[in-house]
Amino acid sequence: MEIQVSLPDGSMRRYLKGTTVEQIAESISPTLKKNAVAGKIGGKAVDLNQPIEADAEVEIITLDSREGLEIYRHSTAHLMAQAIKRIYGNKAVKLGIGPVIEDGFYYDIDIEKPLSIEDLAAIEREMARIAQENLPIIRRVVSRKEAIRIFEELEDPLKLELIRDLPEDAVISIYDQGEFFDLCRGPHLPSTGRIKAFKLLNVSGAYWRGDSDNKMLQRIYGTAFPKIAQLDEHLHFLEEAKKRDHRKLGKQLELFMFSEEAPGMPFYLPKGMTIRTELENFARELQRRRDYEEVRTPLMMNNRVWEQSGHWDHYKDNMYFTNVDETKYALKPMNCPGHMLIFKNKLRSYRDLPLRISEFGQVHRHEFSGALNGMLRVRTFCQDDAHLFVLPEQIEDEIGRIIELIDHMYQVFGFEYKIELSTRPEDSMGSDELWEQAERSLQNVLDHRGIDYRINEGDGAFYGPKIDFHILDALKRSWQCGTIQLDFQMPEKFDLTYVGEDGEKHRPVVIHRAVYGSIDRFMGMLTEHYAGAFPLWLSPVQAKLLPVSDNYIDYAYQVKKSLEEAGIRAEIDIRNEKLGYKIREAQLEKIPYMLIVGENEKNSGSVSVRKRNGEDLGMSKMNEMINRISNEIAAKQ
């Protein structure tokens with residue numbers, strides 16, 4: 001009996017009933033069969049050896065696709081679990097879950113022996129042996145009763161718990177490879193021999209199912225790629241990222257610190273505060289030229305404000321609360337409600353719009369301690385927030401102006417970026433009509449300007465859709481920073497009005513906008529992007545004076561005074577050390593300019609100039625050097 005198969009290109013083919021996905025791939029081309037790792041029947045992912053029993057839409061999943069790579073990595077997680085059981089004993093190892101994550105996979109295991117990096121190397125060697133055995137990976141479907149019996153015999157409470165939590169009508173499947181088997185939905189590679197390049201990266205503790213009331217397991221992280229060259233490239237990237245880790249550099253360069261007295265709340269040290277102030281002043285000046293007015297709103301407001309804004313319903317689990325005079329107050333997680341109150345503070349005319357108000361506003365959001373990550377995930381941070389109150393007909397022009405501002409600022413830092421349009425989330429508030437209007441408005445701006453973007457379904461704010469800017473750093477990692485959010489809801493919630501040309505009251509539209517997003521997170525990201533070697537205008541110390549001996553310290557102080565009068569941040573290294581040592585130390589501190597002073601320099605009113613990359617610029621008159629540095633700072637270099 002024949003069945004009809006519909007392929008993604010729209011073509012239709014006929015096959016005998018029971019033909020497998022792999023046989024269909026082979027009938028299309030030998031190359032496709034070679035690259036195939038799994039398939040889809042009617043949109044559901046299946047193994048290559050899955051027979052097709054009725055007319056269906058069939059898609060071949062290849063190794064060069066995102067889904068194909070995830071299947072490859074998940075099969076590698078099973079390979080690792082098998083190797084661990086071979087080494088430490090089948091019943092000595094209890095397997096938790098082993099999902100694919102970005103750039104790799106992990107497996108949570110319960111084992112008495114604390115695993116070390118050396119143990120990971122032994123596990124890798126066993127994995128390589130199993131891959132060489134080229135064991136077939138075969139799926140079998142079992143009843144719930146059979147599954148419970150199998151894992152009771154194995155004395156594996158973790159798998160038994162997973163089985164108990166499956167829905168009553170769930171199809172339960174087990175994957176076998178040699179003597180090893182694991183509870184899994186699949187699909188998987190057809191055999192262990194298809195796994196070519198992998199690396200186990202580290203091991204850490206993890207509570208079973210992420211619950212601190214549960215047992216602590218060991219989580220082994222790994223990665224896998226189809227080719228050795230891809231793995232080598234990724235491992236090089238990880239090494240480079242480790243060198244750039246903002247937590248390490250922040251400590252080394254004395255930018256910021258953290259304390260157990262305030263978990264997840266950064267302390268800015270003088271040098272870090274210098275960078276933050278430069279970032280704020282840069283944005284402040286650009287906003288001033290674009291007719292923004294800066295404001296400051298309270299850190300804490302009455303809880304009714306947050307109930308009115310909708311933050312209580314959508315955000316209360318992430319907020320901090322306190323009681324004042326028997327009234328509940330909340331630390332602000334966002335600046336929006338405060339800006340709504342400022343708009344409402346007096347009667348507004350259509351002639352006042354657009355009204356653009358900005359704030360470097362400190363906000364507080366509760367993050368679980370396990371999610372905290374240096375400056376990248378904190379519990380308090382500063383948003384470079386702005387809210388634009390506009391007439392409906394001003395929406396497109398104002399959003400266009402914001403896009404130009406964000407583009408200009410990102411160009412100064414040398415960032416490429418990508419744009420996403422994020423649409424209505426499940427927990428949104430407001431009518432379908434207003435949401436459709438808001439989404440259409442944002443889409444029109446992007447389309448009319450010919451901007452490339454992708455749609456990110458369901459990731460908008462609870463009060464409106466948004467345009468998100470994803471920066472690509474020096475390692476091509478993506479960071480979501482800038483955002484433009486269109487909001488028809490808050491003006492309704494706060495009953496905001498302006499008097500129109502017709503003398504009647506009308507509702508403004510609000511545009512929420514941030515460029516850095518979180519200044520703290522932006523600083524962490526910048527530290528990694530520049531590997532601590534900030535451009536001259538941002539560098540906490542722009543020039544370091546290095547006297548060749550104590551005899552020239554007085555002249556060094558004269559030079560420092562001249563630099564500081566010109567607005568250049570300078571320090572002197574007066575330690576009784578050799579010049580070569582001082583130069584190396586200044587390079588480790590990532591100082592852009594090293595100005596060496598000795599007898600010749602003192603006599604000629606000059607300095608000898610070296611850059612942090614080792615370039616020797618020779619001797620330069622003081623006024624020439626000051627002009628050079630000042631011009632570079634003014635040009636944001």
# chains A, B, ... in the order shown; residues from 1 in each chain; ligands from 1
$ closest_atom_pairs --of "segment 335-445 of chain A" --to "segment 458-474 of chain A" --cutoff "12 Å" --atoms "only C-alpha atoms" --output "JSON lines"
{"residue": "A:Cys336", "atom": "CA", "partner": "A:Tyr463", "partner_atom": "CA", "distance": 11.1}
{"residue": "A:Ile399", "atom": "CA", "partner": "A:Ile467", "partner_atom": "CA", "distance": 9.7}
{"residue": "A:Gly400", "atom": "CA", "partner": "A:Ile467", "partner_atom": "CA", "distance": 11.5}
{"residue": "A:Ile402", "atom": "CA", "partner": "A:Ile467", "partner_atom": "CA", "distance": 10.8}
{"residue": "A:Ile403", "atom": "CA", "partner": "A:Phe469", "partner_atom": "CA", "distance": 9.5}
{"residue": "A:Ile406", "atom": "CA", "partner": "A:Phe469", "partner_atom": "CA", "distance": 8.7}
{"residue": "A:Asp407", "atom": "CA", "partner": "A:Phe469", "partner_atom": "CA", "distance": 9.6}
{"residue": "A:Met409", "atom": "CA", "partner": "A:Ile471", "partner_atom": "CA", "distance": 11.6}
{"residue": "A:Tyr410", "atom": "CA", "partner": "A:Ile471", "partner_atom": "CA", "distance": 8.3}
{"residue": "A:Gln411", "atom": "CA", "partner": "A:Ile471", "partner_atom": "CA", "distance": 10.7}
{"residue": "A:Phe413", "atom": "CA", "partner": "A:Asp473", "partner_atom": "CA", "distance": 9.8}
{"residue": "A:Gly414", "atom": "CA", "partner": "A:Asp473", "partner_atom": "CA", "distance": 8.8}
{"residue": "A:Phe415", "atom": "CA", "partner": "A:Leu472", "partner_atom": "CA", "distance": 6.2}
{"residue": "A:Glu416", "atom": "CA", "partner": "A:Leu472", "partner_atom": "CA", "distance": 5.5}
{"residue": "A:Tyr417", "atom": "CA", "partner": "A:Ile471", "partner_atom": "CA", "distance": 4.3}
{"residue": "A:Lys418", "atom": "CA", "partner": "A:His470", "partner_atom": "CA", "distance": 5.1}
{"residue": "A:Ile419", "atom": "CA", "partner": "A:Phe469", "partner_atom": "CA", "distance": 4.8}
{"residue": "A:Glu420", "atom": "CA", "partner": "A:Asp468", "partner_atom": "CA", "distance": 5.1}
{"residue": "A:Leu421", "atom": "CA", "partner": "A:Ile467", "partner_atom": "CA", "distance": 4.6}
{"residue": "A:Ser422", "atom": "CA", "partner": "A:Gly460", "partner_atom": "CA", "distance": 4.7}
{"residue": "A:Thr423", "atom": "CA", "partner": "A:Gly460", "partner_atom": "CA", "distance": 4.8}
{"residue": "A:Arg424", "atom": "CA", "partner": "A:Gly458", "partner_atom": "CA", "distance": 4.8}
{"residue": "A:Pro425", "atom": "CA", "partner": "A:Gly458", "partner_atom": "CA", "distance": 4.0}
{"residue": "A:Glu426", "atom": "CA", "partner": "A:Gly458", "partner_atom": "CA", "distance": 6.7}
{"residue": "A:Asp427", "atom": "CA", "partner": "A:Phe462", "partner_atom": "CA", "distance": 6.1}
{"residue": "A:Ser428", "atom": "CA", "partner": "A:Phe462", "partner_atom": "CA", "distance": 4.1}
{"residue": "A:Met429", "atom": "CA", "partner": "A:Tyr463", "partner_atom": "CA", "distance": 5.9}
{"residue": "A:Gly430", "atom": "CA", "partner": "A:Tyr463", "partner_atom": "CA", "distance": 7.3}
{"residue": "A:Ser431", "atom": "CA", "partner": "A:Tyr463", "partner_atom": "CA", "distance": 10.3}
{"residue": "A:Asp432", "atom": "CA", "partner": "A:Gly464", "partner_atom": "CA", "distance": 11.0}
{"residue": "A:Glu433", "atom": "CA", "partner": "A:Gly464", "partner_atom": "CA", "distance": 11.9}
{"residue": "A:Leu434", "atom": "CA", "partner": "A:Gly464", "partner_atom": "CA", "distance": 8.9}
{"residue": "A:Trp435", "atom": "CA", "partner": "A:Gly464", "partner_atom": "CA", "distance": 6.7}
{"residue": "A:Glu436", "atom": "CA", "partner": "A:Pro465", "partner_atom": "CA", "distance": 9.3}
{"residue": "A:Gln437", "atom": "CA", "partner": "A:Pro465", "partner_atom": "CA", "distance": 10.0}
{"residue": "A:Ala438", "atom": "CA", "partner": "A:Pro465", "partner_atom": "CA", "distance": 6.6}
{"residue": "A:Glu439", "atom": "CA", "partner": "A:Pro465", "partner_atom": "CA", "distance": 5.9}
{"residue": "A:Arg440", "atom": "CA", "partner": "A:Pro465", "partner_atom": "CA", "distance": 9.5}
{"residue": "A:Ser441", "atom": "CA", "partner": "A:Pro465", "partner_atom": "CA", "distance": 9.7}
{"residue": "A:Leu442", "atom": "CA", "partner": "A:Ile467", "partner_atom": "CA", "distance": 7.4}
{"residue": "A:Gln443", "atom": "CA", "partner": "A:Ile467", "partner_atom": "CA", "distance": 9.0}
{"residue": "A:Asn444", "atom": "CA", "partner": "A:Ile467", "partner_atom": "CA", "distance": 11.8}
{"residue": "A:Val445", "atom": "CA", "partner": "A:Ile467", "partner_atom": "CA", "distance": 10.2}
$ select_by_dssp --residues "segment 421-482 of chain A" --states "helix (DSSP H, G or I)" --output "JSON, numbers by chain"
{"A": [432, 433, 434, 435, 436, 437, 438, 439, 440, 441, 442, 443, 444, 445, 446, 447, 448]}
$ write_last_selection --atoms "N, CA, C and O atoms" --output "PDB file, in the first residue's frame"
ATOM      1  N   ASP A 432      -7.516  44.225  22.690  1.00  0.00           N
ATOM      2  CA  ASP A 432      -6.928  43.730  21.440  1.00  0.00           C
ATOM      3  C   ASP A 432      -6.728  44.878  20.459  1.00  0.00           C
ATOM      4  O   ASP A 432      -5.714  44.947  19.770  1.00  0.00           O
ATOM      5  N   GLU A 433      -7.699  45.787  20.425  1.00  0.00           N
ATOM      6  CA  GLU A 433      -7.654  46.889  19.462  1.00  0.00           C
ATOM      7  C   GLU A 433      -6.433  47.780  19.693  1.00  0.00           C
ATOM      8  O   GLU A 433      -5.703  48.130  18.756  1.00  0.00           O
ATOM      9  N   LEU A 434      -6.191  48.148  20.969  1.00  0.00           N
ATOM     10  CA  LEU A 434      -5.039  49.008  21.274  1.00  0.00           C
ATOM     11  C   LEU A 434      -3.724  48.292  20.999  1.00  0.00           C
ATOM     12  O   LEU A 434      -2.764  48.897  20.516  1.00  0.00           O
ATOM     13  N   TRP A 435      -3.662  46.991  21.295  1.00  0.00           N
ATOM     14  CA  TRP A 435      -2.443  46.224  21.027  1.00  0.00           C
ATOM     15  C   TRP A 435      -2.169  46.162  19.521  1.00  0.00           C
ATOM     16  O   TRP A 435      -1.018  46.332  19.087  1.00  0.00           O
ATOM     17  N   GLU A 436      -3.193  45.912  18.753  1.00  0.00           N
ATOM     18  CA  GLU A 436      -3.012  45.846  17.297  1.00  0.00           C
ATOM     19  C   GLU A 436      -2.539  47.198  16.754  1.00  0.00           C
ATOM     20  O   GLU A 436      -1.658  47.262  15.899  1.00  0.00           O
ATOM     21  N   GLN A 437      -3.108  48.265  17.291  1.00  0.00           N
ATOM     22  CA  GLN A 437      -2.713  49.609  16.866  1.00  0.00           C
ATOM     23  C   GLN A 437      -1.246  49.871  17.204  1.00  0.00           C
ATOM     24  O   GLN A 437      -0.485  50.408  16.390  1.00  0.00           O
ATOM     25  N   ALA A 438      -0.849  49.478  18.430  1.00  0.00           N
ATOM     26  CA  ALA A 438       0.530  49.707  18.879  1.00  0.00           C
ATOM     27  C   ALA A 438       1.517  48.891  18.047  1.00  0.00           C
ATOM     28  O   ALA A 438       2.554  49.410  17.597  1.00  0.00           O
ATOM     29  N   GLU A 439       1.216  47.615  17.822  1.00  0.00           N
ATOM     30  CA  GLU A 439       2.122  46.757  17.037  1.00  0.00           C
ATOM     31  C   GLU A 439       2.241  47.271  15.601  1.00  0.00           C
ATOM     32  O   GLU A 439       3.331  47.289  15.020  1.00  0.00           O
ATOM     33  N   ARG A 440       1.113  47.693  15.041  1.00  0.00           N
ATOM     34  CA  ARG A 440       1.116  48.204  13.665  1.00  0.00           C
ATOM     35  C   ARG A 440       1.971  49.478  13.563  1.00  0.00           C
ATOM     36  O   ARG A 440       2.714  49.666  12.607  1.00  0.00           O
ATOM     37  N   SER A 441       1.871  50.350  14.577  1.00  0.00           N
ATOM     38  CA  SER A 441       2.641  51.597  14.577  1.00  0.00           C
ATOM     39  C   SER A 441       4.143  51.323  14.556  1.00  0.00           C
ATOM     40  O   SER A 441       4.893  51.934  13.795  1.00  0.00           O
ATOM     41  N   LEU A 442       4.595  50.395  15.406  1.00  0.00           N
ATOM     42  CA  LEU A 442       6.030  50.069  15.454  1.00  0.00           C
ATOM     43  C   LEU A 442       6.486  49.442  14.146  1.00  0.00           C
ATOM     44  O   LEU A 442       7.568  49.757  13.620  1.00  0.00           O
ATOM     45  N   GLN A 443       5.669  48.544  13.618  1.00  0.00           N
ATOM     46  CA  GLN A 443       6.028  47.871  12.368  1.00  0.00           C
ATOM     47  C   GLN A 443       6.133  48.883  11.222  1.00  0.00           C
ATOM     48  O   GLN A 443       7.043  48.804  10.395  1.00  0.00           O
ATOM     49  N   ASN A 444       5.221  49.848  11.210  1.00  0.00           N
ATOM     50  CA  ASN A 444       5.244  50.873  10.156  1.00  0.00           C
ATOM     51  C   ASN A 444       6.536  51.674  10.190  1.00  0.00           C
ATOM     52  O   ASN A 444       7.131  51.960   9.144  1.00  0.00           O
ATOM     53  N   VAL A 445       6.998  52.042  11.403  1.00  0.00           N
ATOM     54  CA  VAL A 445       8.240  52.821  11.525  1.00  0.00           C
ATOM     55  C   VAL A 445       9.397  52.046  10.920  1.00  0.00           C
ATOM     56  O   VAL A 445      10.185  52.578  10.129  1.00  0.00           O
ATOM     57  N   LEU A 446       9.519  50.764  11.305  1.00  0.00           N
ATOM     58  CA  LEU A 446      10.631  49.943  10.814  1.00  0.00           C
ATOM     59  C   LEU A 446      10.534  49.735   9.310  1.00  0.00           C
ATOM     60  O   LEU A 446      11.534  49.839   8.582  1.00  0.00           O
ATOM     61  N   ASP A 447       9.330  49.444   8.823  1.00  0.00           N
ATOM     62  CA  ASP A 447       9.149  49.191   7.387  1.00  0.00           C
ATOM     63  C   ASP A 447       9.413  50.447   6.567  1.00  0.00           C
ATOM     64  O   ASP A 447      10.100  50.392   5.533  1.00  0.00           O
ATOM     65  N   HIS A 448       8.894  51.590   7.009  1.00  0.00           N
ATOM     66  CA  HIS A 448       9.060  52.836   6.245  1.00  0.00           C
ATOM     67  C   HIS A 448      10.520  53.266   6.177  1.00  0.00           C
ATOM     68  O   HIS A 448      10.930  53.942   5.243  1.00  0.00           O
TER      69      HIS A 448
END
$ closest_residue --among "A:Tyr516, A:Tyr292, A:Phe105, A:Phe256" --to "Pro270 of chain A" --atoms "only C-alpha atoms"
A:Phe256
$ closest_residue --among "A:Tyr72, A:Tyr350, A:Phe282, A:Trp208" --to "His188 of chain A" --atoms "only C-alpha atoms"
A:Tyr72
$ residues_around --residues "segment 163-172 of chain A" --least-positions-apart "3" --cutoff "7 Å" --atoms "only C-alpha atoms" --output "PDB file with N, CA and C atoms, in the first residue's frame"
ATOM      1  N   VAL A 141       9.107   2.090  23.249  1.00  0.00           N
ATOM      2  CA  VAL A 141       8.001   2.658  24.009  1.00  0.00           C
ATOM      3  C   VAL A 141       7.592   1.652  25.087  1.00  0.00           C
ATOM      4  N   VAL A 142       7.417   2.139  26.317  1.00  0.00           N
ATOM      5  CA  VAL A 142       7.041   1.258  27.427  1.00  0.00           C
ATOM      6  C   VAL A 142       5.819   1.828  28.133  1.00  0.00           C
ATOM      7  N   SER A 143       5.098   0.955  28.836  1.00  0.00           N
ATOM      8  CA  SER A 143       3.959   1.412  29.631  1.00  0.00           C
ATOM      9  C   SER A 143       4.484   2.100  30.892  1.00  0.00           C
ATOM     10  N   ARG A 144       3.638   2.864  31.547  1.00  0.00           N
ATOM     11  CA  ARG A 144       4.022   3.508  32.798  1.00  0.00           C
ATOM     12  C   ARG A 144       4.447   2.459  33.831  1.00  0.00           C
ATOM     13  N   LYS A 159      14.584   9.272  38.328  1.00  0.00           N
ATOM     14  CA  LYS A 159      13.795   8.915  37.147  1.00  0.00           C
ATOM     15  C   LYS A 159      12.368   8.528  37.543  1.00  0.00           C
ATOM     16  N   LEU A 160      12.221   7.866  38.679  1.00  0.00           N
ATOM     17  CA  LEU A 160      10.885   7.475  39.137  1.00  0.00           C
ATOM     18  C   LEU A 160      10.025   8.714  39.405  1.00  0.00           C
TER      19      LEU A 160
END
$ residues_around --residues "Gly605 of chain A" --least-positions-apart "2" --cutoff "8 Å" --atoms "only C-alpha atoms" --output "JSON, numbers by chain"
{"A": [601, 602, 603, 607, 621, 622]}
$ write_last_selection --atoms "all heavy atoms" --output "PDB file, in the first residue's frame"
ATOM      1  N   GLU A 601      63.570  65.039  29.158  1.00  0.00           N
ATOM      2  CA  GLU A 601      62.194  65.534  29.142  1.00  0.00           C
ATOM      3  C   GLU A 601      62.055  66.770  30.030  1.00  0.00           C
ATOM      4  O   GLU A 601      61.424  67.764  29.642  1.00  0.00           O
ATOM      5  CB  GLU A 601      61.233  64.441  29.619  1.00  0.00           C
ATOM      6  CG  GLU A 601      61.041  63.283  28.648  1.00  0.00           C
ATOM      7  CD  GLU A 601      62.164  62.242  28.724  1.00  0.00           C
ATOM      8  OE1 GLU A 601      63.003  62.335  29.660  1.00  0.00           O
ATOM      9  OE2 GLU A 601      62.197  61.351  27.865  1.00  0.00           O
ATOM     10  N   LYS A 602      62.701  66.728  31.193  1.00  0.00           N
ATOM     11  CA  LYS A 602      62.615  67.856  32.127  1.00  0.00           C
ATOM     12  C   LYS A 602      63.239  69.104  31.525  1.00  0.00           C
ATOM     13  O   LYS A 602      62.682  70.207  31.603  1.00  0.00           O
ATOM     14  CB  LYS A 602      63.311  67.482  33.441  1.00  0.00           C
ATOM     15  CG  LYS A 602      63.280  68.586  34.493  1.00  0.00           C
ATOM     16  CD  LYS A 602      64.037  68.161  35.740  1.00  0.00           C
ATOM     17  CE  LYS A 602      64.115  69.313  36.736  1.00  0.00           C
ATOM     18  NZ  LYS A 602      64.914  68.938  37.923  1.00  0.00           N
ATOM     19  N   ASN A 603      64.399  68.937  30.894  1.00  0.00           N
ATOM     20  CA  ASN A 603      65.130  70.080  30.327  1.00  0.00           C
ATOM     21  C   ASN A 603      64.416  70.702  29.135  1.00  0.00           C
ATOM     22  O   ASN A 603      64.558  71.891  28.871  1.00  0.00           O
ATOM     23  CB  ASN A 603      66.548  69.665  29.910  1.00  0.00           C
ATOM     24  CG  ASN A 603      67.399  69.335  31.130  1.00  0.00           C
ATOM     25  OD1 ASN A 603      67.104  69.805  32.240  1.00  0.00           O
ATOM     26  ND2 ASN A 603      68.434  68.526  30.944  1.00  0.00           N
ATOM     27  N   VAL A 607      57.664  65.105  27.248  1.00  0.00           N
ATOM     28  CA  VAL A 607      57.451  63.768  27.810  1.00  0.00           C
ATOM     29  C   VAL A 607      57.744  62.756  26.711  1.00  0.00           C
ATOM     30  O   VAL A 607      57.576  63.058  25.522  1.00  0.00           O
ATOM     31  CB  VAL A 607      55.992  63.577  28.301  1.00  0.00           C
ATOM     32  CG1 VAL A 607      55.716  64.378  29.559  1.00  0.00           C
ATOM     33  CG2 VAL A 607      54.981  63.901  27.220  1.00  0.00           C
ATOM     34  N   LYS A 621      56.523  67.550  22.923  1.00  0.00           N
ATOM     35  CA  LYS A 621      56.367  68.721  23.768  1.00  0.00           C
ATOM     36  C   LYS A 621      55.055  68.598  24.557  1.00  0.00           C
ATOM     37  O   LYS A 621      54.066  68.062  24.059  1.00  0.00           O
ATOM     38  CB  LYS A 621      56.324  69.999  22.922  1.00  0.00           C
ATOM     39  CG  LYS A 621      57.654  70.361  22.292  1.00  0.00           C
ATOM     40  CD  LYS A 621      58.579  70.958  23.351  1.00  0.00           C
ATOM     41  CE  LYS A 621      59.856  71.490  22.702  1.00  0.00           C
ATOM     42  NZ  LYS A 621      60.808  71.947  23.748  1.00  0.00           N
ATOM     43  N   MET A 622      55.038  69.154  25.763  1.00  0.00           N
ATOM     44  CA  MET A 622      53.879  69.001  26.628  1.00  0.00           C
ATOM     45  C   MET A 622      52.609  69.530  25.980  1.00  0.00           C
ATOM     46  O   MET A 622      51.562  68.879  25.999  1.00  0.00           O
ATOM     47  CB  MET A 622      54.117  69.726  27.949  1.00  0.00           C
ATOM     48  CG  MET A 622      54.639  68.844  29.066  1.00  0.00           C
ATOM     49  SD  MET A 622      53.645  67.382  29.334  1.00  0.00           S
ATOM     50  CE  MET A 622      52.042  68.099  29.621  1.00  0.00           C
TER      51      MET A 622
END
$ closest_residue --among "A:Glu118, A:Asp520, A:Glu2, A:Glu112" --to "Arg377 of chain A" --atoms "only C-alpha atoms"
A:Asp520
$ residues_around --residues "segment 300-309 of chain A" --least-positions-apart "4" --cutoff "10 Å" --atoms "only C-alpha atoms" --output "NGL selection string"
:A and (313-316 or 320-324 or 327-334 or 336-338 or 340-341 or 363-364 or 463 or 489-494)
$ residues_around --residues "Gln50 of chain A" --least-positions-apart "2" --cutoff "8 Å" --atoms "only C-alpha atoms" --output "JSON, numbers by chain"
{"A": [20, 21, 46, 47, 48, 52]}
$ write_last_selection --atoms "N, CA, C and O atoms" --output "PDB file, in the first residue's frame"
ATOM      1  N   THR A  20      10.824   4.462   6.079  1.00  0.00           N
ATOM      2  CA  THR A  20      11.349   5.259   7.202  1.00  0.00           C
ATOM      3  C   THR A  20      11.762   6.656   6.731  1.00  0.00           C
ATOM      4  O   THR A  20      11.946   6.903   5.537  1.00  0.00           O
ATOM      5  N   VAL A  21      11.941   7.531   7.709  1.00  0.00           N
ATOM      6  CA  VAL A  21      12.398   8.902   7.421  1.00  0.00           C
ATOM      7  C   VAL A  21      13.754   8.849   6.722  1.00  0.00           C
ATOM      8  O   VAL A  21      14.011   9.584   5.760  1.00  0.00           O
ATOM      9  N   VAL A  46      10.982  13.120  15.118  1.00  0.00           N
ATOM     10  CA  VAL A  46      11.076  11.654  15.265  1.00  0.00           C
ATOM     11  C   VAL A  46      12.471  11.189  14.866  1.00  0.00           C
ATOM     12  O   VAL A  46      13.243  11.912  14.240  1.00  0.00           O
ATOM     13  N   ASP A  47      12.797   9.926  15.229  1.00  0.00           N
ATOM     14  CA  ASP A  47      14.077   9.335  14.838  1.00  0.00           C
ATOM     15  C   ASP A  47      14.083   9.005  13.348  1.00  0.00           C
ATOM     16  O   ASP A  47      13.030   8.868  12.714  1.00  0.00           O
ATOM     17  N   LEU A  48      15.294   8.825  12.813  1.00  0.00           N
ATOM     18  CA  LEU A  48      15.431   8.505  11.392  1.00  0.00           C
ATOM     19  C   LEU A  48      14.792   7.170  11.035  1.00  0.00           C
ATOM     20  O   LEU A  48      14.300   6.989   9.914  1.00  0.00           O
ATOM     21  N   ILE A  52       6.767   5.588   8.368  1.00  0.00           N
ATOM     22  CA  ILE A  52       5.622   6.467   8.100  1.00  0.00           C
ATOM     23  C   ILE A  52       4.474   5.586   7.641  1.00  0.00           C
ATOM     24  O   ILE A  52       4.571   4.886   6.632  1.00  0.00           O
TER      25      ILE A  52
END
$ residues_around --residues "Val510 of chain A" --least-positions-apart "5" --cutoff "9 Å" --atoms "only C-alpha atoms" --output "ChimeraX atom specification"
/A:387-391,395,485-491
$ closest_residue --among "A:Val93, A:Val5, A:Ile451, A:Val609" --to "Glu53 of chain A" --atoms "only C-alpha atoms"
A:Val5
$ select_by_dssp --residues "segment 174-270 of chain A" --states "strand (DSSP E or B)" --output "JSON, numbers by chain"
{"A": [174, 175, 176, 177, 180, 181, 182, 183, 191, 197, 198, 199, 200, 201, 202, 203, 204, 205, 206, 207, 216, 217, 218, 219, 220, 221, 222, 223, 224, 225, 256, 257, 267, 268]}
$ write_last_selection --atoms "C-alpha atoms" --output "compact mmCIF listing (two decimals), in the first residue's frame"
# COMPACT_ATOMS: atom_id res chain seq x y z
CA ILE A 174 13.41 4.68 26.66
CA TYR A 175 16.52 4.93 24.48
CA ASP A 176 18.98 2.01 24.45
CA GLN A 177 22.62 2.15 23.38
CA PHE A 180 22.97 1.70 28.67
CA PHE A 181 19.41 3.00 28.59
CA ASP A 182 17.77 6.26 29.61
CA LEU A 183 14.28 7.65 29.95
CA SER A 191 24.26 5.64 16.59
CA ALA A 197 33.83 16.27 18.67
CA PHE A 198 32.99 17.04 22.29
CA LYS A 199 34.46 18.53 25.44
CA LEU A 200 33.40 18.40 29.09
CA LEU A 201 33.85 21.90 30.49
CA ASN A 202 33.17 21.95 34.23
CA VAL A 203 31.17 20.54 37.12
CA SER A 204 29.12 22.42 39.69
CA GLY A 205 26.39 21.86 42.27
CA ALA A 206 22.72 22.09 41.34
CA TYR A 207 19.60 21.39 43.37
CA MET A 216 22.16 18.85 45.80
CA LEU A 217 23.35 17.00 42.67
CA GLN A 218 26.46 17.40 40.54
CA ARG A 219 25.91 19.14 37.20
CA ILE A 220 28.40 18.34 34.46
CA TYR A 221 28.53 20.83 31.59
CA GLY A 222 29.79 19.94 28.13
CA THR A 223 29.65 20.97 24.52
CA ALA A 224 29.72 19.13 21.21
CA PHE A 225 30.14 20.02 17.53
CA PHE A 256 33.47 47.86 41.25
CA MET A 257 33.02 45.41 44.09
CA PHE A 267 29.56 49.15 44.91
CA TYR A 268 31.20 51.58 42.50
$ closest_residue --among "A:Ile275, A:Leu158, A:Val100, A:Leu189" --to "Ile138 of chain A" --atoms "only C-alpha atoms"
A:Leu189
$ closest_residue --among "A:Ser604, A:Gln362, A:Asn631, A:Ser259" --to "Ile519 of chain A" --atoms "only C-alpha atoms"
A:Gln362
